>>> print(open('target36.tsv').read())   # TSV, C-alpha atoms (C1' of nucleotides)
chain	number	residue	atom	x	y	z
A	1	MET	CA	-2.62	16.94	-5.52
A	2	LYS	CA	-3.39	14.72	-2.58
A	3	LEU	CA	-3.90	15.94	0.90
A	4	SER	CA	-1.62	14.18	3.38
A	5	THR	CA	-3.02	12.23	6.25
A	6	LYS	CA	-1.02	14.53	8.46
A	7	ALA	CA	-3.20	17.46	7.54
A	8	GLN	CA	-6.32	15.35	7.79
A	9	TYR	CA	-5.57	13.92	11.19
A	10	GLY	CA	-4.02	17.12	12.41
A	11	LEU	CA	-7.10	19.15	11.69
A	12	LYS	CA	-9.26	16.47	13.23
A	13	ALA	CA	-7.17	16.57	16.37
A	14	CYS	CA	-7.43	20.35	16.50
A	15	PHE	CA	-11.16	20.04	16.19
A	16	TYR	CA	-11.29	18.06	19.42
A	17	LEU	CA	-8.84	20.41	21.05
A	18	ALA	CA	-11.19	23.21	20.13
A	19	GLU	CA	-14.04	21.37	21.73
A	20	ALA	CA	-12.05	20.98	24.92
A	21	TYR	CA	-10.75	24.52	24.94
A	22	GLY	CA	-10.70	26.00	28.43
A	23	GLN	CA	-11.07	22.65	30.12
A	24	GLY	CA	-7.44	21.73	30.44
A	25	PRO	CA	-5.15	19.94	28.01
A	26	LEU	CA	-5.85	16.67	26.22
A	27	SER	CA	-3.20	13.99	26.31
A	28	ILE	CA	-2.01	12.17	23.22
A	29	ALA	CA	-3.68	9.08	24.59
A	30	ARG	CA	-7.00	10.84	24.88
A	31	LEU	CA	-6.64	12.45	21.46
A	32	SER	CA	-5.90	9.06	20.04
A	33	GLU	CA	-9.16	7.73	21.37
A	34	LEU	CA	-11.09	10.64	19.96
A	35	THR	CA	-9.52	10.67	16.52
A	36	SER	CA	-8.83	6.96	16.06
A	37	VAL	CA	-5.25	7.76	15.11
A	38	SER	CA	-2.37	5.87	16.67
A	39	PRO	CA	-0.67	7.72	19.52
A	40	ALA	CA	2.78	7.46	17.97
A	41	TYR	CA	1.64	8.97	14.72
A	42	LEU	CA	-0.53	11.56	16.39
A	43	GLU	CA	2.51	12.77	18.21
A	44	GLN	CA	4.18	13.56	14.94
A	45	LEU	CA	1.24	15.58	13.75
A	46	VAL	CA	0.95	17.58	16.88
A	47	MET	CA	4.59	18.51	17.14
A	48	PRO	CA	4.71	20.88	14.17
A	49	LEU	CA	1.56	22.54	15.42
A	50	LYS	CA	3.20	23.20	18.71
A	51	ARG	CA	6.38	24.37	17.02
A	52	VAL	CA	4.40	26.97	15.11
A	53	GLY	CA	2.78	28.19	18.29
A	54	LEU	CA	-0.74	27.00	17.65
A	55	LEU	CA	-0.59	24.52	20.49
A	56	ARG	CA	0.82	24.62	23.99
A	57	ALA	CA	2.01	21.54	25.77
A	58	GLU	CA	2.14	20.56	29.41
A	59	ARG	CA	4.23	17.72	30.63
A	60	GLY	CA	3.82	15.35	33.50
A	61	LYS	CA	0.67	14.10	35.10
A	62	ASP	CA	-2.57	15.46	33.63
A	63	GLY	CA	-0.50	17.08	30.93
A	64	GLY	CA	-1.27	17.20	27.25
A	65	TYR	CA	-1.93	19.70	24.49
A	66	ALA	CA	-4.21	22.65	24.28
A	67	LEU	CA	-4.90	25.39	21.77
A	68	SER	CA	-2.93	28.48	22.63
A	69	ARG	CA	-5.69	30.70	21.25
A	70	PRO	CA	-9.48	30.51	21.40
A	71	PRO	CA	-10.98	28.37	18.62
A	72	ALA	CA	-12.55	31.37	16.96
A	73	GLU	CA	-9.09	32.78	16.33
A	74	VAL	CA	-7.54	29.72	14.76
A	75	THR	CA	-8.17	29.02	11.10
A	76	ALA	CA	-7.96	25.73	9.26
A	77	GLY	CA	-5.46	27.38	6.98
A	78	GLU	CA	-2.96	27.91	9.78
A	79	ILE	CA	-3.19	24.29	10.77
A	80	VAL	CA	-2.94	22.89	7.26
A	81	ARG	CA	-0.07	25.17	6.34
A	82	ALA	CA	1.86	23.98	9.37
A	83	LEU	CA	1.40	20.38	8.31
A	84	GLU	CA	1.65	20.66	4.55
A	85	ASP	CA	4.89	22.50	4.14
A	86	ASN	CA	3.21	25.87	3.73
A	87	LEU	CA	0.89	24.58	1.04
A	88	THR	CA	3.52	25.09	-1.60
A	89	ILE	CA	1.61	23.29	-4.30
A	90	ILE	CA	4.28	24.01	-6.86
A	91	ASP	CA	7.91	25.00	-6.63
A	92	CYS	CA	7.84	27.96	-8.97
A	93	LEU	CA	5.95	29.81	-6.28
A	94	VAL	CA	9.07	30.03	-4.18
A	95	THR	CA	11.77	29.74	-6.85
A	96	PRO	CA	10.36	31.29	-10.02
A	97	CYS	CA	10.82	29.34	-13.23
A	98	SER	CA	14.09	31.23	-13.75
A	99	ALA	CA	14.32	34.92	-14.42
A	100	GLU	CA	14.36	34.80	-18.17
A	101	GLU	CA	11.66	32.23	-18.50
A	102	LYS	CA	8.16	33.54	-18.71
A	103	CYS	CA	6.14	30.51	-17.86
A	104	PRO	CA	2.65	30.91	-19.26
A	105	THR	CA	1.12	28.74	-16.58
A	106	CYS	CA	2.65	30.11	-13.39
A	107	ALA	CA	-0.09	32.70	-13.19
A	108	ILE	CA	-2.69	29.97	-12.79
A	109	TRP	CA	-0.82	28.10	-10.15
A	110	ASN	CA	-0.38	31.29	-8.24
A	111	ARG	CA	-4.06	32.00	-8.42
A	112	LEU	CA	-4.81	28.49	-7.28
A	113	TYR	CA	-2.43	28.86	-4.39
A	114	GLN	CA	-4.05	32.07	-3.26
A	115	GLY	CA	-7.49	30.54	-3.62
A	116	ILE	CA	-6.70	27.48	-1.56
A	117	ASN	CA	-5.31	29.58	1.24
A	118	LYS	CA	-8.29	31.87	1.16
A	119	ILE	CA	-10.75	29.00	1.41
A	120	LEU	CA	-8.95	27.45	4.35
A	121	ASP	CA	-8.50	30.75	6.11
A	122	GLU	CA	-12.19	31.46	5.99
A	123	VAL	CA	-12.89	28.57	8.30
A	124	SER	CA	-12.13	28.78	12.01
A	125	LEU	CA	-12.16	25.94	14.47
A	126	GLN	CA	-15.10	27.59	16.15
A	127	GLY	CA	-16.88	27.61	12.82
A	128	MET	CA	-16.20	23.94	12.36
A	129	LEU	CA	-17.52	23.25	15.80
A	130	ASP	CA	-20.68	25.23	15.19
A	131	ASP	CA	-21.29	23.57	11.85
A	132	TYR	CA	-20.82	20.18	13.33
A	133	ARG	CA	-23.15	20.76	16.22
A	134	ARG	CA	-25.78	22.30	14.01
A	135	ALA	CA	-25.58	19.48	11.48
A	136	GLY	CA	-25.61	16.51	13.75
A	137	LYS	CA	-25.30	15.60	17.28
A	138	GLY	CA	-24.43	17.71	20.21
A	139	ASP	CA	-22.27	15.41	22.23
A	140	LEU	CA	-18.73	14.81	21.13
A	141	SER	CA	-17.73	12.26	23.69
A	142	GLY	CA	-16.31	8.95	22.63
A	143	PRO	CA	-14.63	8.10	19.34
A	144	ASP	CA	-16.22	9.74	16.40
A	145	GLN	CA	-18.94	7.51	15.13
A	146	GLY	CA	-22.39	8.95	15.35
A	147	PRO	CA	-24.83	7.32	17.76
A	148	LYS	CA	-27.74	8.75	15.78
A	149	GLU	CA	-30.39	6.53	14.24
A	150	ALA	CA	-27.86	5.38	11.66
A	151	SER	CA	-28.55	2.26	9.59
B	1	MET	CA	-0.68	18.82	-1.59
B	2	LYS	CA	1.79	19.05	-4.42
B	3	LEU	CA	0.84	19.54	-7.99
B	4	SER	CA	2.33	16.86	-10.22
B	5	THR	CA	4.63	17.76	-13.07
B	6	LYS	CA	2.14	16.00	-15.28
B	7	ALA	CA	-0.43	18.67	-14.65
B	8	GLN	CA	2.17	21.38	-14.94
B	9	TYR	CA	3.65	20.22	-18.21
B	10	GLY	CA	0.31	19.12	-19.54
B	11	LEU	CA	-1.24	22.52	-19.09
B	12	LYS	CA	1.83	24.12	-20.59
B	13	ALA	CA	1.54	21.89	-23.63
B	14	CYS	CA	-2.12	22.75	-23.99
B	15	PHE	CA	-1.23	26.40	-23.87
B	16	TYR	CA	0.89	26.01	-26.96
B	17	LEU	CA	-1.74	23.87	-28.60
B	18	ALA	CA	-4.17	26.69	-27.97
B	19	GLU	CA	-1.81	29.11	-29.60
B	20	ALA	CA	-1.59	26.89	-32.65
B	21	TYR	CA	-5.29	26.18	-32.82
B	22	GLY	CA	-6.60	26.14	-36.38
B	23	GLN	CA	-3.14	25.87	-37.89
B	24	GLY	CA	-2.83	22.11	-37.97
B	25	PRO	CA	-1.55	19.74	-35.32
B	26	LEU	CA	1.69	20.01	-33.37
B	27	SER	CA	3.90	16.96	-33.16
B	28	ILE	CA	5.35	15.69	-29.92
B	29	ALA	CA	8.74	16.76	-31.20
B	30	ARG	CA	7.56	20.31	-31.74
B	31	LEU	CA	5.75	20.40	-28.43
B	32	SER	CA	8.91	19.21	-26.79
B	33	GLU	CA	10.82	22.17	-28.21
B	34	LEU	CA	8.19	24.60	-27.06
B	35	THR	CA	7.74	23.27	-23.56
B	36	SER	CA	11.28	22.02	-22.85
B	37	VAL	CA	9.86	18.68	-21.76
B	38	SER	CA	11.34	15.43	-23.04
B	39	PRO	CA	9.36	13.87	-25.89
B	40	ALA	CA	9.02	10.54	-24.13
B	41	TYR	CA	7.52	12.10	-21.05
B	42	LEU	CA	5.40	14.53	-23.00
B	43	GLU	CA	3.79	11.61	-24.72
B	44	GLN	CA	2.59	10.31	-21.41
B	45	LEU	CA	1.02	13.62	-20.50
B	46	VAL	CA	-0.76	14.02	-23.77
B	47	MET	CA	-2.25	10.56	-23.91
B	48	PRO	CA	-4.74	11.01	-21.06
B	49	LEU	CA	-5.81	14.31	-22.56
B	50	LYS	CA	-6.57	12.58	-25.80
B	51	ARG	CA	-8.33	9.75	-24.02
B	52	VAL	CA	-10.64	12.22	-22.37
B	53	GLY	CA	-11.45	13.84	-25.66
B	54	LEU	CA	-9.73	17.15	-25.14
B	55	LEU	CA	-7.17	16.45	-27.84
B	56	ARG	CA	-7.35	14.85	-31.24
B	57	ALA	CA	-4.40	13.06	-32.77
B	58	GLU	CA	-3.28	12.57	-36.34
B	59	ARG	CA	-0.78	9.95	-37.25
B	60	GLY	CA	1.77	9.79	-40.03
B	61	LYS	CA	3.60	12.59	-41.74
B	62	ASP	CA	2.71	16.08	-40.51
B	63	GLY	CA	0.67	14.51	-37.78
B	64	GLY	CA	0.49	15.52	-34.18
B	65	TYR	CA	-2.00	16.75	-31.62
B	66	ALA	CA	-4.57	19.48	-31.70
B	67	LEU	CA	-7.27	20.75	-29.40
B	68	SER	CA	-10.61	19.25	-30.31
B	69	ARG	CA	-12.40	22.41	-29.22
B	70	PRO	CA	-11.58	26.11	-29.57
B	71	PRO	CA	-9.37	27.42	-26.75
B	72	ALA	CA	-12.15	29.54	-25.35
B	73	GLU	CA	-14.14	26.41	-24.63
B	74	VAL	CA	-11.45	24.48	-22.79
B	75	THR	CA	-10.82	25.20	-19.13
B	76	ALA	CA	-7.71	24.59	-17.11
B	77	GLY	CA	-9.86	22.53	-14.80
B	78	GLU	CA	-10.64	19.99	-17.48
B	79	ILE	CA	-6.99	19.56	-18.26
B	80	VAL	CA	-5.83	19.31	-14.69
B	81	ARG	CA	-8.58	16.89	-13.75
B	82	ALA	CA	-7.58	14.62	-16.60
B	83	LEU	CA	-4.01	14.58	-15.35
B	84	GLU	CA	-4.51	14.62	-11.60
B	85	ASP	CA	-6.88	11.73	-11.13
B	86	ASN	CA	-9.94	13.94	-11.02
B	87	LEU	CA	-8.42	16.18	-8.39
B	88	THR	CA	-9.47	13.81	-5.67
B	89	ILE	CA	-7.53	15.58	-2.96
B	90	ILE	CA	-8.81	13.21	-0.33
B	91	ASP	CA	-10.36	9.79	-0.42
B	92	CYS	CA	-13.39	10.46	1.73
B	93	LEU	CA	-14.76	12.49	-1.16
B	94	VAL	CA	-15.41	9.33	-3.11
B	95	THR	CA	-15.71	6.79	-0.30
B	96	PRO	CA	-17.15	8.59	2.71
B	97	CYS	CA	-15.47	8.01	6.04
B	98	SER	CA	-17.90	5.13	6.64
B	99	ALA	CA	-21.61	5.53	7.09
B	100	GLU	CA	-21.71	5.74	10.84
B	101	GLU	CA	-18.73	7.98	11.15
B	102	LYS	CA	-19.46	11.65	11.10
B	103	CYS	CA	-16.11	13.09	10.34
B	104	PRO	CA	-15.99	16.69	11.53
B	105	THR	CA	-13.46	17.67	8.92
B	106	CYS	CA	-14.91	16.19	5.74
B	107	ALA	CA	-17.00	19.30	5.24
B	108	ILE	CA	-13.87	21.39	4.89
B	109	TRP	CA	-12.19	19.09	2.44
B	110	ASN	CA	-15.29	19.06	0.38
B	111	ARG	CA	-15.42	22.81	0.34
B	112	LEU	CA	-11.78	22.91	-0.62
B	113	TYR	CA	-12.38	20.45	-3.41
B	114	GLN	CA	-15.23	22.50	-4.82
B	115	GLY	CA	-13.17	25.66	-4.53
B	116	ILE	CA	-10.17	24.29	-6.35
B	117	ASN	CA	-12.33	23.08	-9.19
B	118	LYS	CA	-14.11	26.41	-9.40
B	119	ILE	CA	-10.88	28.34	-9.61
B	120	LEU	CA	-9.48	26.14	-12.34
B	121	ASP	CA	-12.72	26.11	-14.29
B	122	GLU	CA	-12.83	29.88	-14.39
B	123	VAL	CA	-9.74	29.96	-16.57
B	124	SER	CA	-9.91	29.02	-20.24
B	125	LEU	CA	-6.98	28.42	-22.53
B	126	GLN	CA	-8.04	31.50	-24.45
B	127	GLY	CA	-7.93	33.44	-21.24
B	128	MET	CA	-4.44	32.21	-20.51
B	129	LEU	CA	-3.38	33.21	-23.98
B	130	ASP	CA	-4.84	36.68	-23.65
B	131	ASP	CA	-3.27	37.21	-20.26
B	132	TYR	CA	0.08	36.10	-21.49
B	133	ARG	CA	0.03	38.32	-24.55
B	134	ARG	CA	-1.17	41.30	-22.57
B	135	ALA	CA	1.43	40.80	-19.85
B	136	GLY	CA	4.51	40.22	-21.90
B	137	LYS	CA	5.56	39.59	-25.39
B	138	GLY	CA	3.41	38.89	-28.39
B	139	ASP	CA	5.45	36.24	-30.14
B	140	LEU	CA	5.42	32.75	-28.82
B	141	SER	CA	7.92	31.18	-31.15
B	142	GLY	CA	10.90	29.35	-29.80
B	143	PRO	CA	11.27	27.73	-26.42
B	144	ASP	CA	9.79	29.73	-23.63
B	145	GLN	CA	12.42	32.04	-22.38
B	146	GLY	CA	11.66	35.68	-22.90
B	147	PRO	CA	13.83	37.59	-25.38
B	148	LYS	CA	12.99	40.80	-23.55
B	149	GLU	CA	15.66	43.03	-22.10
B	150	ALA	CA	16.43	40.32	-19.55
B	151	SER	CA	19.54	40.36	-17.37
C	1	DA	C1'	8.83	0.57	-49.19
C	2	DG	C1'	10.22	3.87	-46.33
C	3	DA	C1'	9.71	7.80	-43.50
C	4	DT	C1'	7.10	9.96	-39.98
C	5	DA	C1'	4.40	10.04	-36.20
C	6	DT	C1'	1.24	8.43	-32.79
C	7	DC	C1'	0.25	4.46	-29.71
C	8	DC	C1'	1.21	1.41	-25.74
C	9	DG	C1'	3.20	-1.01	-22.04
C	10	DA	C1'	6.95	-2.28	-19.25
C	11	DC	C1'	10.53	-0.82	-16.39
C	12	DC	C1'	13.29	1.72	-12.88
C	13	DG	C1'	15.61	4.73	-9.62
C	14	DT	C1'	14.43	8.23	-6.33
C	15	DT	C1'	11.52	10.56	-3.21
C	16	DT	C1'	7.63	10.93	-0.33
C	17	DT	C1'	4.25	8.95	2.62
C	18	DG	C1'	2.45	6.72	6.51
C	19	DC	C1'	3.63	4.72	10.34
C	20	DT	C1'	6.35	2.28	14.27
C	21	DA	C1'	9.95	1.91	17.96
C	22	DG	C1'	12.70	3.33	21.60
C	23	DG	C1'	14.68	6.20	24.43
C	24	DA	C1'	15.53	10.96	26.71
C	25	DT	C1'	13.53	14.68	29.43
C	26	DA	C1'	10.33	17.16	32.25
C	27	DT	C1'	6.56	17.26	35.82
C	28	DT	C1'	3.71	15.50	39.49
C	29	DC	C1'	2.35	12.42	43.19
C	30	DT	C1'	3.42	9.51	47.06
D	1	DA	C1'	13.85	10.08	46.49
D	2	DG	C1'	11.48	7.48	43.38
D	3	DA	C1'	7.79	5.91	40.64
D	4	DA	C1'	4.36	7.27	37.40
D	5	DT	C1'	2.85	10.08	33.72
D	6	DA	C1'	3.39	12.50	29.72
D	7	DT	C1'	5.73	15.19	26.34
D	8	DC	C1'	9.94	15.35	23.43
D	9	DC	C1'	12.98	13.69	19.72
D	10	DT	C1'	15.35	10.78	16.36
D	11	DA	C1'	15.85	6.93	13.62
D	12	DG	C1'	14.11	3.52	10.82
D	13	DC	C1'	11.28	1.18	7.31
D	14	DA	C1'	7.87	-0.82	4.01
D	15	DA	C1'	4.90	0.67	0.53
D	16	DA	C1'	3.36	3.76	-2.66
D	17	DA	C1'	3.75	7.63	-5.73
D	18	DC	C1'	6.65	10.40	-8.80
D	19	DG	C1'	9.32	11.48	-12.68
D	20	DG	C1'	11.09	9.76	-16.35
D	21	DT	C1'	13.20	6.37	-20.03
D	22	DC	C1'	13.06	2.70	-23.59
D	23	DG	C1'	11.60	-0.32	-27.16
D	24	DG	C1'	8.53	-1.73	-30.12
D	25	DA	C1'	3.82	-1.98	-32.56
D	26	DT	C1'	0.62	0.48	-35.52
D	27	DA	C1'	-1.20	3.90	-38.61
D	28	DT	C1'	-0.49	7.35	-42.36
D	29	DC	C1'	1.64	9.90	-46.01
D	30	DT	C1'	4.97	10.29	-50.05
>>> encode(input="target36.tsv", output="structure tokens")
Amino acid sequence: MKLSTKAQYGLKACFYLAEAYGQGPLSIARLSELTSVSPAYLEQLVMPLKRVGLLRAERGKDGGYALSRPPAEVTAGEIVRALEDNLTIIDCLVTPCSAEEKCPTCAIWNRLYQGINKILDEVSLQGMLDDYRRAGKGDLSGPDQGPKEAS
Amino acid sequence: MKLSTKAQYGLKACFYLAEAYGQGPLSIARLSELTSVSPAYLEQLVMPLKRVGLLRAERGKDGGYALSRPPAEVTAGEIVRALEDNLTIIDCLVTPCSAEEKCPTCAIWNRLYQGINKILDEVSLQGMLDDYRRAGKGDLSGPDQGPKEAS
DNA sequence: AGATATCCGACCGTTTTGCTAGGATATTCT
DNA sequence: AGAATATCCTAGCAAAACGGTCGGATATCT
């Protein structure tokens, strides 16, 4: 029950893509600066997101990735599902514990599965952005350590 | 984001322990029959549960394991947490992403963490038992395939 | 003593994870 | 055309986690 770094970094990347929405694509290099994730690895995270249609890519000079929908219409659930193999937390969700076996616990896992998806689908990138701005600082330039009056 | 077989099998075992509550302990051998999990592995699942105080063990002849509380007072969450390393789905829950780093995504993971725990804590072993009896068959003897009018 | 059962730790093959490397392809600028 | 920029794509690899087995020590009952 561990979340992969793919989902972590992937969502983080999407967060910055949301912030830059409408201002042209962000390159892997730029995303790497913002998220502090290595370019090579970042590439691997971003690819599935593009494959699923959440991201659009532009090649060549000034190319990069951009959200294909406005941040308010993209949920964290979509992103995480794309990176976590559809959030299949347990196999008997897709291949039931065999027809004649009535597993007494499958019901719980199913409920958990539904719950997880619901939680993640209730959060949009726009929501994340709003929360972040409200909670802390307004500027999102530079790599993500906070220039506040921290220790 | 995969649930370990430990949690799966462990909860299953507890289900049968709940069913047998008040009728003396169940041995590993018996639990193995009921859950279709190898005795050696089952032992490993049950040990942490005992360590946490959820189960009590009796050694020697007619020994085995029993719930230390009535099934209505044991939640699935307690069991899963004991077997899934406290359900720490992500590290920044315990060691924040560094003091000066304001990770824009931590809020989500925290919310997810709380949600998962809530869902699992809303289900008691008694509840599972009731659901199972209501949904299907009343007898729980024998290994868990359903003697209904299957295939 | 002997049978039964929990305890406990080591071990081990397989899979997944987290990440790197290197090259192929497409686009733009000069 | 050609160089520069950037996405695409596949392979590889060390380390960790997973899923499970085995053998023996200890406690308890008959």
>>> residues_around(input="target36.tsv", residues="Ala72 of chain A", least_positions_apart="6", cutoff="12 Å", atoms="all atoms listed in the file", output="tab-separated table (two decimals) with C-alpha atoms, in the frame of the given file")
chain	number	residue	atom	x	y	z
A	15	PHE	CA	-11.16	20.04	16.19
A	18	ALA	CA	-11.19	23.21	20.13
A	19	GLU	CA	-14.04	21.37	21.73
A	21	TYR	CA	-10.75	24.52	24.94
A	121	ASP	CA	-8.50	30.75	6.11
A	122	GLU	CA	-12.19	31.46	5.99
A	123	VAL	CA	-12.89	28.57	8.30
A	124	SER	CA	-12.13	28.78	12.01
A	125	LEU	CA	-12.16	25.94	14.47
A	126	GLN	CA	-15.10	27.59	16.15
A	127	GLY	CA	-16.88	27.61	12.82
A	128	MET	CA	-16.20	23.94	12.36
A	129	LEU	CA	-17.52	23.25	15.80
A	130	ASP	CA	-20.68	25.23	15.19
>>> interface_residues(input="target36.tsv", of="chain B", to="chain D", cutoff="8 Å", atoms="all atoms listed in the file", output="VMD selection string")
chain B and resid 4 to 5 40 to 41 59 to 61
>>> atom_distance(input="target36.tsv", atom1="atom CA of Leu67 of chain A", atom2="atom CA of Thr88 of chain A")
24.8 Å
>>> interface_residues(input="target36.tsv", of="chain C", to="chain B", cutoff="9 Å", atoms="only C-alpha atoms (C1' of nucleotides)", output="ChimeraX atom specification")
/C:3-7
>>> write_last_selection(input="target36.tsv", atoms="C-alpha atoms (C1' of nucleotides)", output="PDB file, in the coordinates of the input")
ATOM      1  C1'  DA C   3       9.710   7.800 -43.500  1.00  0.00           C
ATOM      2  C1'  DT C   4       7.100   9.960 -39.980  1.00  0.00           C
ATOM      3  C1'  DA C   5       4.400  10.040 -36.200  1.00  0.00           C
ATOM      4  C1'  DT C   6       1.240   8.430 -32.790  1.00  0.00           C
ATOM      5  C1'  DC C   7       0.250   4.460 -29.710  1.00  0.00           C
TER       6       DC C   7
END
>>> residues_around(input="target36.tsv", residues="Val52 of chain B", least_positions_apart="2", cutoff="12 Å", atoms="only C-alpha atoms (C1' of nucleotides)", output="JSON list (two decimals) with C-alpha atoms, in the coordinates of the input")
[["chain", "number", "residue", "atom", "x", "y", "z"],
["B", 45, "LEU", "CA", 1.02, 13.62, -20.50],
["B", 46, "VAL", "CA", -0.76, 14.02, -23.77],
["B", 47, "MET", "CA", -2.25, 10.56, -23.91],
["B", 48, "PRO", "CA", -4.74, 11.01, -21.06],
["B", 49, "LEU", "CA", -5.81, 14.31, -22.56],
["B", 50, "LYS", "CA", -6.57, 12.58, -25.80],
["B", 54, "LEU", "CA", -9.73, 17.15, -25.14],
["B", 55, "LEU", "CA", -7.17, 16.45, -27.84],
["B", 56, "ARG", "CA", -7.35, 14.85, -31.24],
["B", 67, "LEU", "CA", -7.27, 20.75, -29.40],
["B", 68, "SER", "CA", -10.61, 19.25, -30.31],
["B", 78, "GLU", "CA", -10.64, 19.99, -17.48],
["B", 79, "ILE", "CA", -6.99, 19.56, -18.26],
["B", 80, "VAL", "CA", -5.83, 19.31, -14.69],
["B", 81, "ARG", "CA", -8.58, 16.89, -13.75],
["B", 82, "ALA", "CA", -7.58, 14.62, -16.60],
["B", 83, "LEU", "CA", -4.01, 14.58, -15.35],
["B", 85, "ASP", "CA", -6.88, 11.73, -11.13],
["B", 86, "ASN", "CA", -9.94, 13.94, -11.02]]
>>> closest_residue(input="target36.tsv", among="B:Lys118, B:Arg69, B:Arg30, B:Lys2", to="chain A", atoms="only C-alpha atoms")
B:Lys2
>>> closest_residue(input="target36.tsv", among="A:Leu31, A:Leu26, A:Leu3, A:Trp109", to="chain B", atoms="all atoms listed in the file")
A:Leu3
>>> atom_distance(input="target36.tsv", atom1="atom CA of Asn117 of chain A", atom2="atom CA of Thr105 of chain B")
16.3 Å
>>> atom_distance(input="target36.tsv", atom1="atom CA of Thr35 of chain A", atom2="atom CA of Tyr132 of chain A")
15.1 Å
>>> closest_residue(input="target36.tsv", among="A:Asp131, A:Ala107, A:Ile89, A:Tyr16", to="chain B", atoms="all atoms listed in the file")
A:Ile89
>>> closest_residue(input="target36.tsv", among="A:Leu11, A:Leu93, A:Leu42, A:Leu17", to="chain B", atoms="only C-alpha atoms")
A:Leu11
>>> residues_around(input="target36.tsv", residues="Leu112 of chain A", least_positions_apart="3", cutoff="8 Å", atoms="all atoms listed in the file", output="PDB file with C-alpha atoms, in the frame of the given file")
ATOM      1  CA  ILE A 108      -2.690  29.970 -12.790  1.00  0.00           C
ATOM      2  CA  TRP A 109      -0.820  28.100 -10.150  1.00  0.00           C
ATOM      3  CA  GLY A 115      -7.490  30.540  -3.620  1.00  0.00           C
ATOM      4  CA  ILE A 116      -6.700  27.480  -1.560  1.00  0.00           C
TER       5      ILE A 116
ATOM      6  CA  ILE B 116     -10.170  24.290  -6.350  1.00  0.00           C
ATOM      7  CA  ILE B 119     -10.880  28.340  -9.610  1.00  0.00           C
ATOM      8  CA  LEU B 120      -9.480  26.140 -12.340  1.00  0.00           C
TER       9      LEU B 120
END
>>> axis_aligned_box(input="target36.tsv", around="segment 59-77 of chain A", padding_each_side="4 Å", output="lines of an AutoDock Vina configuration file")
center_x = -4.2
center_y = 23.4
center_z = 21.0
size_x = 24.8
size_y = 26.7
size_z = 36.1
